[in-house]
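Content type CSV, C-alpha atoms, from the file upload.csv:
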```csv
chain,number,residue,atom,x,y,z
H,968,MET,CA,0.0,0.0,0.0
H,969,LYS,CA,2.8,2.3,1.1
H,970,ARG,CA,4.7,1.3,-2.0
H,971,ASN,CA,1.7,2.1,-4.2
H,972,ALA,CA,1.4,5.6,-2.7
H,973,LYS,CA,5.1,6.2,-3.2
H,974,SER,CA,4.8,5.2,-6.9
H,975,LEU,CA,1.8,7.5,-7.4
H,976,ILE,CA,3.7,10.4,-5.7
H,977,SER,CA,6.7,9.7,-8.0
H,978,ILE,CA,4.5,9.7,-11.1
H,979,ILE,CA,2.8,13.0,-10.2
H,980,ALA,CA,6.2,14.5,-9.4
H,981,LEU,CA,7.6,13.5,-12.7
H,982,PHE,CA,4.5,14.8,-14.5
H,983,ILE,CA,4.8,18.2,-12.7
H,984,LEU,CA,8.6,18.3,-13.6
H,985,ALA,CA,7.8,17.5,-17.3
H,986,ILE,CA,5.2,20.3,-17.5
H,987,THR,CA,7.6,22.7,-15.8
H,988,LEU,CA,10.4,21.8,-18.2
H,989,ALA,CA,8.1,22.1,-21.2
H,990,THR,CA,6.9,25.5,-20.1
H,991,SER,CA,10.3,26.8,-19.3
H,992,SER,CA,11.6,25.7,-22.7
H,993,TYR,CA,9.5,28.6,-24.3
H,994,ALA,CA,11.0,31.2,-22.1
H,995,TRP,CA,14.0,32.0,-24.4
H,996,LEU,CA,16.0,35.1,-23.8
H,997,ILE,CA,14.4,37.5,-26.2
H,998,SER,CA,13.7,41.1,-26.6
H,999,LEU,CA,11.1,42.6,-29.0
H,1000,ARG,CA,10.8,46.1,-30.6
H,1001,ARG,CA,8.2,46.8,-33.1
H,1002,SER,CA,8.5,49.7,-35.5
H,1003,SER,CA,5.4,51.7,-36.2
H,1004,SER,CA,3.5,50.6,-39.4
H,1005,ILE,CA,5.3,51.3,-42.7
H,1006,VAL,CA,2.9,52.1,-45.5
H,1007,PHE,CA,3.8,52.8,-49.1
H,1008,VAL,CA,1.3,54.2,-51.5
H,1009,SER,CA,2.0,53.4,-55.1
H,1010,GLY,CA,1.9,56.5,-57.3
H,1011,GLU,CA,-0.5,56.9,-60.2
H,1012,VAL,CA,0.1,58.3,-63.7
H,1013,ARG,CA,-3.2,59.3,-65.1
H,1014,TYR,CA,-4.2,61.8,-67.9
H,1015,ASP,CA,-7.5,62.6,-69.5
H,1016,LEU,CA,-7.6,63.4,-73.2
H,1017,VAL,CA,-10.5,65.5,-74.4
H,1018,GLY,CA,-11.3,67.2,-77.7
H,1019,ASN,CA,-14.2,67.7,-80.1
H,1020,LEU,CA,-14.5,67.1,-83.8
H,1021,CYS,CA,-16.5,69.1,-86.3
H,1022,GLU,CA,-19.6,67.0,-87.1
H,1023,GLN,CA,-19.9,66.7,-90.9
H,1024,ASP,CA,-21.1,64.2,-93.5
H,1025,TYR,CA,-18.3,64.9,-96.0
H,1026,ILE,CA,-15.1,66.8,-95.7
H,1027,VAL,CA,-13.0,68.6,-98.3
H,1028,PRO,CA,-9.3,69.6,-98.3
H,1029,GLU,CA,-8.5,72.5,-95.9
H,1030,LYS,CA,-11.8,72.2,-94.0
H,1031,PRO,CA,-11.2,72.3,-90.3
H,1032,LEU,CA,-11.9,69.0,-88.7
H,1033,ILE,CA,-11.5,69.9,-85.1
H,1034,ASN,CA,-13.9,72.0,-83.1
H,1035,ASP,CA,-12.3,72.1,-79.7
H,1036,PRO,CA,-8.6,71.4,-79.5
H,1037,TYR,CA,-7.5,68.0,-78.0
H,1038,ILE,CA,-6.2,68.7,-74.5
H,1039,LEU,CA,-4.5,66.5,-72.0
H,1040,THR,CA,-5.1,67.1,-68.3
H,1041,ASN,CA,-2.8,65.7,-65.7
H,1042,HIS,CA,-4.3,63.8,-62.8
H,1043,SER,CA,-1.2,62.0,-61.8
H,1044,SER,CA,0.1,61.8,-58.2
H,1045,VAL,CA,3.8,61.5,-59.3
H,1046,ASP,CA,5.9,63.5,-61.7
H,1047,SER,CA,5.5,62.2,-65.3
H,1048,GLU,CA,6.5,62.7,-68.9
H,1049,ILE,CA,4.2,62.4,-72.0
H,1050,ARG,CA,4.4,61.8,-75.7
H,1051,PHE,CA,2.0,61.0,-78.5
H,1052,GLN,CA,1.8,59.9,-82.1
H,1053,LEU,CA,-0.6,61.1,-84.7
H,1054,PHE,CA,-1.4,58.6,-87.5
H,1055,TYR,CA,-3.6,58.8,-90.5
H,1056,GLN,CA,-4.8,56.6,-93.3
H,1057,PHE,CA,-7.0,57.0,-96.4
H,1058,VAL,CA,-9.1,54.0,-97.0
H,1059,THR,CA,-10.2,54.1,-100.7
H,1060,ASP,CA,-12.8,51.4,-100.3
H,1061,ALA,CA,-15.1,52.3,-97.4
H,1062,ASN,CA,-15.9,48.7,-96.7
H,1063,SER,CA,-12.3,47.6,-96.4
H,1064,PRO,CA,-10.9,47.1,-93.0
H,1065,ILE,CA,-8.1,49.3,-91.7
H,1066,ASP,CA,-4.7,48.1,-92.8
H,1067,ASN,CA,-2.3,48.3,-89.9
H,1068,GLU,CA,0.6,48.3,-92.3
H,1069,LYS,CA,-0.6,51.5,-94.0
H,1070,TRP,CA,-0.6,54.0,-91.2
H,1071,ASN,CA,1.2,57.2,-92.0
H,1072,GLY,CA,2.8,59.0,-89.0
H,1073,PHE,CA,2.4,62.7,-88.9
H,1074,ASP,CA,5.9,64.2,-88.6
H,1075,ASP,CA,7.4,67.7,-88.6
H,1076,THR,CA,7.7,67.9,-92.4
H,1077,ASN,CA,5.2,69.6,-94.9
H,1078,ASN,CA,4.9,66.8,-97.4
H,1079,GLN,CA,2.0,65.2,-95.6
H,1080,GLN,CA,-1.5,64.6,-96.8
H,1081,ILE,CA,-2.9,66.1,-93.7
H,1082,LYS,CA,-2.1,69.4,-92.0
H,1083,ALA,CA,-2.0,69.5,-88.2
H,1084,SER,CA,-1.2,72.2,-85.8
H,1085,ILE,CA,0.4,70.7,-82.8
H,1086,GLY,CA,0.3,72.5,-79.4
H,1087,ASP,CA,3.3,74.5,-78.1
H,1088,ASP,CA,6.4,72.8,-76.7
H,1089,TRP,CA,6.1,69.5,-78.5
H,1090,VAL,CA,9.2,68.2,-80.1
H,1091,TYR,CA,9.2,65.5,-82.8
H,1092,PHE,CA,11.7,62.7,-82.4
H,1093,LYS,CA,11.8,59.2,-84.0
H,1094,GLY,CA,8.1,59.0,-84.8
H,1095,CYS,CA,6.7,60.5,-81.6
H,1096,TRP,CA,6.0,64.0,-80.3
H,1097,TYR,CA,7.5,64.6,-76.9
H,1098,TYR,CA,6.3,67.3,-74.6
H,1099,GLY,CA,9.2,69.7,-73.9
H,1100,GLY,CA,11.5,67.2,-75.5
H,1101,ILE,CA,15.2,67.7,-75.2
H,1102,ILE,CA,17.1,65.5,-77.7
H,1103,ASP,CA,20.4,64.1,-76.5
H,1104,GLY,CA,22.0,61.9,-79.2
H,1105,ASP,CA,19.9,58.8,-79.5
H,1106,SER,CA,17.6,59.5,-76.6
H,1107,ILE,CA,15.1,62.1,-75.5
H,1108,SER,CA,13.8,63.4,-72.2
H,1109,GLY,CA,10.7,65.5,-71.8
H,1110,SER,CA,9.6,68.3,-69.6
H,1111,VAL,CA,8.6,67.1,-66.1
H,1112,ILE,CA,4.9,67.5,-65.4
H,1113,LYS,CA,4.6,67.8,-61.7
H,1114,GLY,CA,2.4,65.2,-60.0
H,1115,SER,CA,0.9,67.8,-57.7
H,1116,GLU,CA,-0.3,70.1,-60.5
H,1117,SER,CA,-3.4,69.6,-62.6
H,1118,THR,CA,-1.7,70.9,-65.8
H,1119,SER,CA,-3.6,71.1,-69.1
H,1120,ILE,CA,-1.6,70.6,-72.2
H,1121,THR,CA,-2.8,71.2,-75.8
H,1122,VAL,CA,-2.0,68.3,-78.1
H,1123,LEU,CA,-3.8,69.1,-81.3
H,1124,GLU,CA,-5.1,72.6,-82.2
H,1125,SER,CA,-6.3,72.1,-85.7
H,1126,LEU,CA,-6.4,69.4,-88.3
H,1127,SER,CA,-7.3,69.3,-92.0
H,1128,VAL,CA,-6.6,67.5,-95.2
H,1129,ASN,CA,-3.7,69.1,-97.1
H,1130,GLY,CA,-5.1,70.3,-100.5
H,1131,ASP,CA,-1.6,70.5,-101.9
H,1132,ASN,CA,-0.8,66.9,-101.3
H,1133,TYR,CA,-4.2,65.1,-101.3
H,1134,GLY,CA,-5.4,64.3,-104.9
H,1135,ASN,CA,-8.5,62.7,-106.3
H,1136,MET,CA,-8.4,59.1,-105.3
H,1137,GLY,CA,-10.8,58.0,-108.0
H,1138,ASN,CA,-13.3,56.6,-105.5
H,1139,ARG,CA,-16.3,58.0,-103.8
H,1140,ASN,CA,-16.6,57.8,-100.1
H,1141,VAL,CA,-12.8,57.7,-99.4
H,1142,LYS,CA,-12.5,57.4,-95.7
H,1143,LEU,CA,-9.9,59.3,-93.6
H,1144,ILE,CA,-9.0,57.7,-90.3
H,1145,ILE,CA,-7.1,59.6,-87.8
H,1146,LYS,CA,-5.6,58.0,-84.7
H,1147,ILE,CA,-4.0,59.8,-81.8
H,1148,ALA,CA,-2.1,57.5,-79.5
H,1149,PHE,CA,-0.9,59.1,-76.2
H,1150,GLN,CA,1.4,57.7,-73.6
H,1151,ALA,CA,2.6,58.9,-70.2
H,1152,LYS,CA,5.2,57.4,-67.9
H,1153,GLN,CA,6.6,58.1,-64.5
H,1154,LYS,CA,9.4,60.7,-64.7
H,1155,ASP,CA,12.1,58.8,-62.7
H,1156,TYR,CA,13.8,55.4,-63.1
H,1157,VAL,CA,12.7,54.7,-66.6
H,1158,GLU,CA,13.6,56.4,-69.9
H,1159,TRP,CA,11.5,56.6,-73.1
H,1160,ASN,CA,14.2,54.6,-75.0
H,1161,GLU,CA,13.7,51.7,-72.5
H,1162,LEU,CA,10.0,51.7,-73.2
H,1163,GLY,CA,10.6,51.8,-77.0
H,1164,PHE,CA,10.1,54.6,-79.5
H,1165,ALA,CA,7.1,53.2,-81.3
H,1166,ILE,CA,3.7,53.1,-79.8
H,1167,ASP,CA,1.8,49.9,-80.6
H,1168,ILE,CA,-1.5,50.9,-82.1
H,1169,SER,CA,-2.5,47.6,-83.7
S,1331,MET,CA,20.3,11.0,-46.1
S,1332,LYS,CA,22.5,12.5,-48.8
S,1333,LYS,CA,19.8,12.0,-51.4
S,1334,ASN,CA,17.4,14.0,-49.2
S,1335,LEU,CA,19.9,16.9,-49.0
S,1336,LYS,CA,20.3,16.9,-52.7
S,1337,LYS,CA,16.6,17.1,-53.3
S,1338,LYS,CA,16.3,20.0,-50.8
S,1339,ILE,CA,19.1,21.9,-52.7
S,1340,ILE,CA,17.3,21.4,-56.0
S,1341,LEU,CA,14.0,22.6,-54.6
S,1342,LEU,CA,15.7,25.6,-53.0
S,1343,SER,CA,17.4,26.6,-56.2
S,1344,GLY,CA,14.0,26.3,-58.1
S,1345,ALA,CA,12.4,28.6,-55.5
S,1346,ILE,CA,15.2,31.2,-55.9
S,1347,VAL,CA,14.8,31.1,-59.7
S,1348,VAL,CA,11.0,31.7,-59.4
S,1349,LEU,CA,11.6,34.5,-56.9
S,1350,LEU,CA,14.1,36.2,-59.3
S,1351,ALA,CA,11.7,35.9,-62.2
S,1352,GLY,CA,9.0,37.5,-60.1
S,1353,LEU,CA,11.3,40.4,-59.2
S,1354,VAL,CA,12.3,41.0,-62.8
S,1355,ALA,CA,8.6,40.9,-63.9
S,1356,THR,CA,7.8,43.5,-61.2
S,1357,THR,CA,10.5,46.0,-62.3
S,1358,LEU,CA,8.9,46.0,-65.8
S,1359,ALA,CA,5.6,47.2,-64.5
S,1360,TRP,CA,6.3,51.0,-64.6
S,1361,LEU,CA,3.7,53.6,-63.8
S,1362,THR,CA,2.2,54.5,-67.2
S,1363,ASP,CA,-1.0,55.7,-68.8
S,1364,THR,CA,-2.2,55.5,-72.4
S,1365,LYS,CA,-5.1,56.8,-74.4
S,1366,THR,CA,-6.0,56.2,-78.1
S,1367,SER,CA,-8.5,58.3,-80.1
S,1368,ASN,CA,-10.0,57.0,-83.3
S,1369,ILE,CA,-11.4,59.6,-85.6
S,1370,ASN,CA,-13.2,58.8,-88.9
S,1371,PHE,CA,-14.1,61.2,-91.7
S,1372,VAL,CA,-15.5,60.6,-95.2
S,1373,MET,CA,-13.8,62.6,-98.0
S,1374,GLY,CA,-16.1,64.5,-100.3
S,1375,ASP,CA,-16.2,63.9,-104.0
S,1376,VAL,CA,-16.4,66.4,-106.9
S,1377,ASN,CA,-17.9,64.7,-109.9
S,1378,TYR,CA,-19.8,66.0,-112.9
S,1379,GLU,CA,-21.3,64.3,-115.9
S,1380,CYS,CA,-21.7,66.0,-119.2
S,1381,GLN,CA,-23.8,65.4,-122.3
S,1382,PHE,CA,-23.0,67.2,-125.6
S,1383,ASN,CA,-25.8,68.1,-128.1
S,1384,ILE,CA,-23.7,68.6,-131.2
S,1385,ASN,CA,-24.9,69.6,-134.7
S,1386,SER,CA,-24.7,66.3,-136.6
S,1387,ASP,CA,-24.0,68.0,-139.9
S,1388,SER,CA,-20.5,66.9,-141.0
S,1389,ILE,CA,-19.9,69.9,-143.1
S,1390,VAL,CA,-20.7,73.4,-141.7
S,1391,VAL,CA,-20.6,76.9,-142.9
S,1392,PRO,CA,-19.9,80.2,-141.0
S,1393,GLY,CA,-22.9,81.4,-139.0
S,1394,GLN,CA,-24.3,77.8,-138.7
S,1395,PRO,CA,-24.9,76.8,-135.0
S,1396,LEU,CA,-22.4,74.1,-134.1
S,1397,PHE,CA,-24.5,72.9,-131.1
S,1398,ASN,CA,-28.2,72.3,-130.9
S,1399,ALA,CA,-30.4,73.7,-128.1
S,1400,ASP,CA,-29.1,72.9,-124.6
S,1401,ALA,CA,-25.7,72.5,-126.1
S,1402,ILE,CA,-24.0,71.0,-123.0
S,1403,THR,CA,-25.9,69.5,-120.0
S,1404,ILE,CA,-23.8,69.3,-116.9
S,1405,THR,CA,-25.1,67.2,-114.1
S,1406,ASN,CA,-23.8,67.5,-110.6
S,1407,LYS,CA,-22.9,64.2,-109.0
S,1408,SER,CA,-20.8,65.6,-106.2
S,1409,THR,CA,-21.2,65.0,-102.5
S,1410,VAL,CA,-20.0,68.5,-101.5
S,1411,ALA,CA,-20.7,72.1,-102.6
S,1412,THR,CA,-18.8,72.9,-105.8
S,1413,ASN,CA,-18.0,75.5,-108.4
S,1414,VAL,CA,-17.9,74.9,-112.2
S,1415,ARG,CA,-16.3,76.5,-115.2
S,1416,VAL,CA,-16.1,75.6,-118.9
S,1417,LYS,CA,-13.4,76.3,-121.3
S,1418,ILE,CA,-13.7,76.1,-125.1
S,1419,THR,CA,-10.7,75.8,-127.4
S,1420,VAL,CA,-10.5,75.4,-131.2
S,1421,THR,CA,-7.5,74.0,-133.1
S,1422,GLU,CA,-7.1,72.9,-136.7
S,1423,LYS,CA,-7.3,69.1,-136.7
S,1424,ASP,CA,-4.1,67.4,-135.5
S,1425,LYS,CA,-2.5,70.7,-134.7
S,1426,THR,CA,-2.0,72.4,-131.4
S,1427,ASP,CA,-2.1,76.1,-132.1
S,1428,LEU,CA,-5.2,77.6,-130.7
S,1429,ILE,CA,-7.4,79.5,-133.2
S,1430,THR,CA,-10.4,79.9,-130.8
S,1431,ASP,CA,-11.0,83.4,-132.1
S,1432,ILE,CA,-12.5,82.0,-135.4
S,1433,VAL,CA,-15.6,80.9,-133.5
S,1434,GLU,CA,-18.2,83.3,-132.1
S,1435,ILE,CA,-19.4,82.3,-128.6
S,1436,THR,CA,-22.6,83.9,-127.3
S,1437,PHE,CA,-25.1,83.2,-124.6
S,1438,ASP,CA,-28.7,84.1,-124.0
S,1439,GLU,CA,-29.3,87.2,-122.1
S,1440,ASN,CA,-30.2,85.5,-118.8
S,1441,SER,CA,-27.5,83.0,-118.9
S,1442,ASP,CA,-25.8,81.9,-115.7
S,1443,TRP,CA,-22.4,81.7,-117.3
S,1444,VAL,CA,-20.0,84.6,-116.9
S,1445,ASN,CA,-16.9,85.0,-119.1
S,1446,ASP,CA,-13.6,85.8,-117.4
S,1447,GLY,CA,-10.4,85.1,-119.4
S,1448,ASP,CA,-10.5,81.7,-121.1
S,1449,TYR,CA,-13.3,80.4,-119.0
S,1450,TRP,CA,-17.1,80.7,-118.5
S,1451,TYR,CA,-17.9,80.5,-114.8
S,1452,TYR,CA,-21.2,79.3,-113.5
S,1453,LYS,CA,-22.7,82.4,-111.9
S,1454,GLY,CA,-19.3,84.2,-111.8
S,1455,LYS,CA,-15.9,83.7,-110.4
S,1456,PRO,CA,-15.6,84.1,-106.7
S,1457,THR,CA,-12.7,86.4,-105.7
S,1458,SER,CA,-12.9,85.8,-102.0
S,1459,LEU,CA,-13.4,82.9,-99.6
S,1460,THR,CA,-15.8,85.1,-97.6
S,1461,ASP,CA,-19.2,83.4,-97.6
S,1462,ASP,CA,-21.3,86.2,-98.9
S,1463,SER,CA,-23.9,86.4,-101.8
S,1464,ALA,CA,-21.4,88.1,-104.1
S,1465,ASN,CA,-18.9,85.4,-103.8
S,1466,ILE,CA,-19.1,81.7,-102.8
S,1467,SER,CA,-22.8,81.3,-102.2
S,1468,ALA,CA,-23.9,82.7,-105.5
S,1469,ALA,CA,-21.5,80.6,-107.5
S,1470,THR,CA,-22.0,77.4,-105.6
S,1471,VAL,CA,-23.8,74.4,-107.2
S,1472,PRO,CA,-25.6,73.4,-104.1
S,1473,SER,CA,-27.2,70.0,-104.6
S,1474,VAL,CA,-26.5,66.6,-105.9
S,1475,GLY,CA,-28.4,66.0,-109.1
S,1476,ASP,CA,-28.6,69.7,-110.1
S,1477,VAL,CA,-28.5,70.1,-113.9
S,1478,LEU,CA,-26.8,73.1,-115.4
S,1479,ASN,CA,-27.4,74.0,-119.0
S,1480,PHE,CA,-24.4,75.5,-120.8
S,1481,ASN,CA,-26.6,76.9,-123.5
S,1482,VAL,CA,-23.9,78.3,-125.7
S,1483,ASN,CA,-24.5,79.6,-129.2
S,1484,MET,CA,-21.4,78.8,-131.2
S,1485,THR,CA,-20.7,79.5,-134.9
S,1486,PHE,CA,-17.7,80.0,-137.1
S,1487,ASP,CA,-17.2,83.7,-137.4
S,1488,GLY,CA,-18.0,84.7,-141.0
S,1489,SER,CA,-15.8,87.8,-140.8
S,1490,LYS,CA,-12.8,85.6,-140.0
S,1491,VAL,CA,-13.4,82.3,-141.7
S,1492,GLY,CA,-13.1,82.9,-145.4
S,1493,ASN,CA,-12.3,80.6,-148.4
S,1494,ASP,CA,-8.9,79.7,-146.9
S,1495,TYR,CA,-10.8,77.6,-144.4
S,1496,SER,CA,-12.7,75.6,-146.9
S,1497,GLY,CA,-12.4,71.8,-146.7
S,1498,LYS,CA,-10.4,71.9,-143.5
S,1499,SER,CA,-11.3,70.1,-140.3
S,1500,TYR,CA,-11.3,71.7,-136.9
S,1501,THR,CA,-11.3,70.3,-133.4
S,1502,ILE,CA,-13.4,71.9,-130.7
S,1503,THR,CA,-12.5,70.9,-127.2
S,1504,ILE,CA,-14.8,71.6,-124.3
S,1505,VAL,CA,-13.3,71.2,-120.8
S,1506,VAL,CA,-15.7,71.3,-117.8
S,1507,GLU,CA,-13.8,71.7,-114.5
S,1508,GLY,CA,-15.3,71.5,-111.1
S,1509,LYS,CA,-13.8,72.2,-107.7
S,1510,GLN,CA,-14.8,72.2,-104.1
S,1511,ALA,CA,-16.5,75.5,-103.4
S,1512,GLU,CA,-14.9,76.1,-100.0
S,1513,TYR,CA,-11.3,76.8,-98.9
S,1514,VAL,CA,-9.9,77.3,-102.4
S,1515,LEU,CA,-10.4,79.9,-105.2
S,1516,TRP,CA,-10.2,79.4,-108.9
S,1517,GLU,CA,-7.1,81.6,-109.0
S,1518,ASN,CA,-5.3,79.1,-106.7
S,1519,MET,CA,-6.0,76.3,-109.1
S,1520,ALA,CA,-3.8,77.6,-112.0
S,1521,ASN,CA,-1.2,74.9,-111.5
S,1522,ILE,CA,-3.6,72.0,-110.6
S,1523,ASP,CA,-4.1,69.0,-112.8
S,1524,PHE,CA,-7.9,68.5,-112.6
S,1525,THR,CA,-7.5,64.8,-113.3
S,1526,THR,CA,-5.4,64.1,-110.2
S,1527,GLY,CA,-6.3,67.1,-108.1
S,1528,LEU,CA,-2.5,67.7,-107.5
S,1529,ALA,CA,-0.1,70.3,-108.7
S,1530,LYS,CA,1.2,69.7,-112.3
```

Can you give me the file's structure in the form of structure tokens?
Amino acid sequence: MKRNAKSLISIIALFILAITLATSSYAWLISLRRSSSIVFVSGEVRYDLVGNLCEQDYIVPEKPLINDPYILTNHSSVDSEIRFQLFYQFVTDANSPIDNEKWNGFDDTNNQQIKASIGDDWVYFKGCWYYGGIIDGDSISGSVIKGSESTSITVLESLSVNGDNYGNMGNRNVKLIIKIAFQAKQKDYVEWNELGFAIDIS
Amino acid sequence: MKKNLKKKIILLSGAIVVLLAGLVATTLAWLTDTKTSNINFVMGDVNYECQFNINSDSIVVPGQPLFNADAITITNKSTVATNVRVKITVTEKDKTDLITDIVEITFDENSDWVNDGDYWYYKGKPTSLTDDSANISAATVPSVGDVLNFNVNMTFDGSKVGNDYSGKSYTITIVVEGKQAEYVLWENMANIDFTTGLAK
């Protein structure tokens, strides 16, 4: 009987010891400091492009095609740079689909079939118009548009078919298709030449 | 044991590769914005059809009308407002020298055709692009399907065509030219090839 009691006491003692050991094994020597929360907000590059065309059934060379100039308004939260390309194509058969191989890019020469008046401070370089562009050899950087400022920039003031260069195409209902492709990028850490000089409009 | 270690190393290497690929992909995602505007227009068309009502006599004499009534009928098939003019030239057959002054060209009193230089202009020759009644509006052929009668009276001038002209053949050429009414004057079309619409 006495022996049984001793055994029971031993088992209980061992059990308490095991629990004590187990508990103390979590009590490492540690120290803890937590920083206050670190939150990053990703910037945003966002522009609105607005403009109005003259509503008309048929157009003739030199007739103004734009009612209100096309204007970009900056709504970005970070500094940015912008560029655009102006493309045109005459489709002689109105039922034909647009041929992506036949786009003509509007450049800074006068031998084009359209006339366009580009807003101030745009510089033409390798197929694109860069706002405030400064050419440096094979690369270009544009004017910085501050993220905090809601700047409005005129892209296209007027547009018409160039009577000197557009001739009779022998078809009725020749379609003129204009495409304005605009791009903006964060000002820092990436250059236009890294993004490529051509804007994919296909 | 060694086999397990090798497997762990391979798995770890794979994880690092995936992580690096993820980092590279992330750095390409720059902050950008893009907008594309598509604008469509339909080009106008200047197009006229002409019918000539010519005297069918093969041999003519001075004073004899070379055209019948409603000498030339000009039908407007254009899709935009236009101006029209007509030019008449005369040459000896297979020659190029102009001898237009051997024909007498007259119109009825109320004719819409106004002579200026080598041309007869429908309701006159606008001299300004200002849209007033004296200029563009008056001379504009407004509607598709409008028919203009170039009711010319044309004869060989008996005071100039004597016996020297007997038995000879002459070529009369009538050129009808149309242009868009707006944004360009006749005087700006001097060097334009009316077939192509481009400078000669």

* Pick out the residues sitting within 12 Å of segment 1102-1111 of chain H, and hand them over as a ChimeraX atom specification; count only C-alpha atoms, and ignore anything fewer than 3 positions along from it in its own chain. => /H:1041,1043,1045-1051,1088-1093,1095-1099,1114-1116,1118,1120,1151-1155,1157-1164

* **Minimum-distance residue to Tyr1133 of chain H, chosen among H:Asn1019, H:Asn1078, H:Gln1150, H:Asn971 (using all atoms listed in the file)** => H:Asn1078

Please build the interface table for chain H against chain S with a cut-off of 6 Å, listing for each qualifying residue the nearest atom pair and the distance in Å to one decimal; count all atoms listed in the file, order rows by chain and increasing number, and write it as a tab-separated table.
```
residue	atom	partner	partner_atom	distance
H:Val1012	CA	S:Thr1362	CA	5.6
H:Arg1013	CA	S:Asp1363	CA	5.6
H:Tyr1025	CA	S:Gly1374	CA	4.8
H:Ile1026	CA	S:Met1373	CA	5.0
H:Val1027	CA	S:Gly1374	CA	5.5
H:Glu1029	CA	S:Tyr1513	CA	5.9
H:Gly1134	CA	S:Gly1527	CA	4.3
H:Asn1135	CA	S:Thr1526	CA	5.2
H:Arg1139	CA	S:Asp1375	CA	5.9
H:Asn1140	CA	S:Val1372	CA	5.7
H:Val1141	CA	S:Met1373	CA	5.2
H:Lys1142	CA	S:Val1372	CA	4.4
H:Leu1143	CA	S:Phe1371	CA	5.0
H:Ile1144	CA	S:Asn1370	CA	4.6
H:Ile1145	CA	S:Ile1369	CA	4.8
H:Lys1146	CA	S:Asn1368	CA	4.7
H:Ile1147	CA	S:Ser1367	CA	5.0
H:Ala1148	CA	S:Thr1366	CA	4.3
H:Phe1149	CA	S:Lys1365	CA	5.1
H:Gln1150	CA	S:Thr1364	CA	4.4
H:Ala1151	CA	S:Asp1363	CA	5.0
H:Lys1152	CA	S:Thr1362	CA	4.2
H:Gln1153	CA	S:Leu1361	CA	5.4
```

* Pick from S:Asn1483, S:Ser1489, S:Gln1381, S:Asn1413 nearest to Asp1431 of chain S, counting all atoms listed in the file -> S:Ser1489

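With atom CA of Gly1018 of chain H on one side and atom CA of Asp1060 of chain H on the other, the separation reads 27.6 Å.
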
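Atom CA of Phe1486 of chain S lies 9.6 Å from atom CA of Thr1430 of chain S.
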
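Here atom CA of Val1391 of chain S is placed at a distance of 19.7 Å from atom CA of Leu1428 of chain S.
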
* To do: Might you pull out every residue within 8 Å of Thr1403 of chain S, with only C-alpha atoms counted and same-chain residues fewer than 3 positions away left off, and present them as number ranges by chain?
  => S: 1380-1382, 1400, 1477-1480

Please dump the current selection as a short mmCIF file (atom, residue, chain, number, x, y, z; two decimals), keeping the file's coordinate frame; keep C-alpha atoms.
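What landed in again32.cif:
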```
data_model
loop_
_atom_site.label_atom_id
_atom_site.label_comp_id
_atom_site.auth_asym_id
_atom_site.auth_seq_id
_atom_site.Cartn_x
_atom_site.Cartn_y
_atom_site.Cartn_z
CA CYS S 1380 -21.70 66.00 -119.20
CA GLN S 1381 -23.80 65.40 -122.30
CA PHE S 1382 -23.00 67.20 -125.60
CA ASP S 1400 -29.10 72.90 -124.60
CA VAL S 1477 -28.50 70.10 -113.90
CA LEU S 1478 -26.80 73.10 -115.40
CA ASN S 1479 -27.40 74.00 -119.00
CA PHE S 1480 -24.40 75.50 -120.80
#
```

* **From H:Pro1028, H:Gly1100, H:Gly1094, H:Gly1010, residue lying nearest Asn1132 of chain H [only C-alpha atoms]** => H:Pro1028
